[in-house]
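Enquirer: Submitted below is the structure of interest, expressed as structure tokens.
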Amino acid sequence: MAFLDLAKSRYSERHFAPDPIEPEKLAQILEAGRVAPTARNLQPQRILVVQSAEGLTKIDRASKCRFGAPTVLVLTYDMTVASRSPDVVDFGIVDTSIVATHMMLQASELGIHSCWVGLIDPSELRRQFEIPRTHRIISIMPLGYPSEESHPAHLHDESIPLEQMVTWETFADHCG
């Protein structure tokens with residue numbers, strides 16, 4: 001599938017089947033995150049893979065948005081490693097988001113669905129999984145195969161026009 005077709009067809013899954021993800025497919029998804037670009041290539045992303053019944057129960061205590069997924073990734077970054085720009089942005093957040101996007105698209109290519117979830121209780125996740133204080137929790141990502149009632153959200157195909165999103169600057173505009 002061409003990249004743009006893949007990007008357009010991927011949607012946030014909210015109805016997962018209980019079927020486990022094959023280890024080799026999960027390894028591909030995690031590898032896509034490992035090779036994602038990060039600021040200064042510092043690679044501050046730290047990912048916790050949760051698949052056990054006990055672990056998934058802990059996820060459910062921290063978020064109501066697991067949607068029955070058999071695997072959940074807890075996406076964090078190590079604040080002692082991430083690049084910071086005092087005038088611009090905390091690149092750990094940006095880096096972790098890029099990593100998440102790479103993993104979501106790789107999962108989609110493999111027929112595995114995902115959902116980027118920010119509706120979490122980071123304190124509860126930290127407590128349940130003993131996540132170090134030096135790691136900032138960004139989101140969770142439920143992963144799995146779609147259930148039979150799977151479907152994109154009603155706004156999935158709605159995007160603003162390119163002309164509303166992009167402004168073009170030409171050299172001639174600045175020549176006097």
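Letters A, B, ... mark the chains of the structure tokens in the order given; residue numbers begin at 1 per chain; ligand numbers begin at 1, in order shown.
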Write out as a list of chain:residue names which residues come within 10 Å of range 77-86 of chain A when counting only C-alpha atoms, dropping same-chain ones fewer than 2 positions away.

Expert: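 Neighbouring residues, sequence-local ones excluded: A:Thr38, A:Ala39, A:Arg40, A:Asn41, A:Leu42, A:Gln43, A:Pro44, A:Gln45, A:Arg46, A:Ile47, A:Leu75, A:Val88, A:Val89, A:Asp90, A:Phe91, A:Gly92, A:Ile93, A:Val94, A:Asp95, A:Thr96, A:Pro132, A:Arg133, A:Thr134, A:His135, A:Arg136, A:Ile137, A:Ile138.
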
Enquirer: Any chance you could list, as number ranges by chain, the residues in range 47-143 of chain A that come up strand (DSSP E or B) when DSSP is run on the backbone?

Expert: A: 47-50, 71-78, 84, 90, 113-114, 117, 135-143

Enquirer: Counting only C-alpha atoms, figure out which residue out of A:Ala27, A:Leu105, A:Ala53, A:Ile98 gets nearest to Asp5 in chain A.

Expert: A:Leu105

Enquirer: Report, in Å to a single decimal, how far apart CA of Ile112 in chain A and CA of Glu158 in chain A are.

Expert: 22.6 Å

Enquirer: So, with only C-alpha atoms as the atoms that count, which of A:Val35, A:Leu56, A:Leu6, A:Met1 lies closest to Thr71 in chain A?

Expert: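 Closest to Thr71 in chain A, using only C-alpha atoms: A:Leu56.
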
Enquirer: Go ahead and compute the interatomic distance for CA of Gly118 in chain A and CA of Leu4 in chain A, in Å to one decimal.

Expert: 25.0 Å

Enquirer: Quick one: residues within 9 Å of Ser123 in chain A, only C-alpha atoms counted, chain neighbours fewer than 4 positions away excluded, as an NGL selection string?

Expert: :A and (62 or 127-128 or 137)

Enquirer: Please, could you write that set of residues out with all heavy atoms as a PDB file, in the first residue's frame?

Expert:
ATOM      1  N   ALA A  62      -5.861   3.302  35.263  1.00  0.00           N
ATOM      2  CA  ALA A  62      -5.310   4.616  34.904  1.00  0.00           C
ATOM      3  C   ALA A  62      -6.004   5.252  33.704  1.00  0.00           C
ATOM      4  O   ALA A  62      -5.783   6.423  33.415  1.00  0.00           O
ATOM      5  CB  ALA A  62      -3.813   4.479  34.615  1.00  0.00           C
ATOM      6  N   ARG A 127       2.469   4.926  39.549  1.00  0.00           N
ATOM      7  CA  ARG A 127       2.355   4.109  40.761  1.00  0.00           C
ATOM      8  C   ARG A 127       2.207   2.625  40.406  1.00  0.00           C
ATOM      9  O   ARG A 127       2.898   1.776  40.963  1.00  0.00           O
ATOM     10  CB  ARG A 127       1.157   4.581  41.585  1.00  0.00           C
ATOM     11  CG  ARG A 127       1.070   3.968  42.967  1.00  0.00           C
ATOM     12  CD  ARG A 127      -0.085   4.538  43.768  1.00  0.00           C
ATOM     13  NE  ARG A 127      -1.390   4.133  43.265  1.00  0.00           N
ATOM     14  CZ  ARG A 127      -1.910   2.920  43.427  1.00  0.00           C
ATOM     15  NH1 ARG A 127      -1.253   1.984  44.072  1.00  0.00           N
ATOM     16  NH2 ARG A 127      -3.106   2.635  42.951  1.00  0.00           N
ATOM     17  N   GLN A 128       1.319   2.319  39.471  1.00  0.00           N
ATOM     18  CA  GLN A 128       1.035   0.919  39.130  1.00  0.00           C
ATOM     19  C   GLN A 128       2.253   0.196  38.538  1.00  0.00           C
ATOM     20  O   GLN A 128       2.441  -0.992  38.760  1.00  0.00           O
ATOM     21  CB  GLN A 128      -0.129   0.830  38.143  1.00  0.00           C
ATOM     22  CG  GLN A 128      -1.469   1.205  38.715  1.00  0.00           C
ATOM     23  CD  GLN A 128      -1.978   0.198  39.731  1.00  0.00           C
ATOM     24  OE1 GLN A 128      -1.661  -0.990  39.701  1.00  0.00           O
ATOM     25  NE2 GLN A 128      -2.775   0.683  40.672  1.00  0.00           N
ATOM     26  N   ILE A 137       5.444  10.739  31.436  1.00  0.00           N
ATOM     27  CA  ILE A 137       4.441   9.913  30.757  1.00  0.00           C
ATOM     28  C   ILE A 137       3.674  10.805  29.786  1.00  0.00           C
ATOM     29  O   ILE A 137       3.135  11.847  30.172  1.00  0.00           O
ATOM     30  CB  ILE A 137       3.502   9.261  31.776  1.00  0.00           C
ATOM     31  CG1 ILE A 137       4.319   8.363  32.720  1.00  0.00           C
ATOM     32  CG2 ILE A 137       2.398   8.475  31.070  1.00  0.00           C
ATOM     33  CD1 ILE A 137       3.567   7.910  33.952  1.00  0.00           C
TER      34      ILE A 137
END

Enquirer: Find the distance between CA of Cys65 in chain A and CA of Val50 in chain A and write it in Å to one decimal.

Expert: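 About the pair CA of Cys65 in chain A and CA of Val50 in chain A: they are 14.3 Å apart.
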
Enquirer: May I ask which of the residues A:Ala32, A:Ile21, A:Ala100, A:Ile59 is the closest one to Ile120 in chain A, counting only C-alpha atoms?

Expert: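 Nearest to Ile120 in chain A: A:Ile59.
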
Enquirer: Between A:Leu48, A:Met104, A:Val72, A:Leu155, which residue has the minimum interatomic distance to Gly33 in chain A, considering only C-alpha atoms?

Expert: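 Closest residue, counting only C-alpha atoms: A:Met104.
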
Enquirer: DSSP on the backbone: what in range 49-123 of chain A comes out alpha helix (DSSP H), as a ChimeraX atom specification?

Expert: /A:53-62,91-109,122-123

Enquirer: Could you check the closest approach to Glu24 in chain A for each of A:Gly68, A:Ala107, A:Lys8, A:Glu130 and tell me which residue wins, using only C-alpha atoms?

Expert: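 Looking only at the distances to Glu24 in chain A, the closest residue turns out to be A:Ala107.
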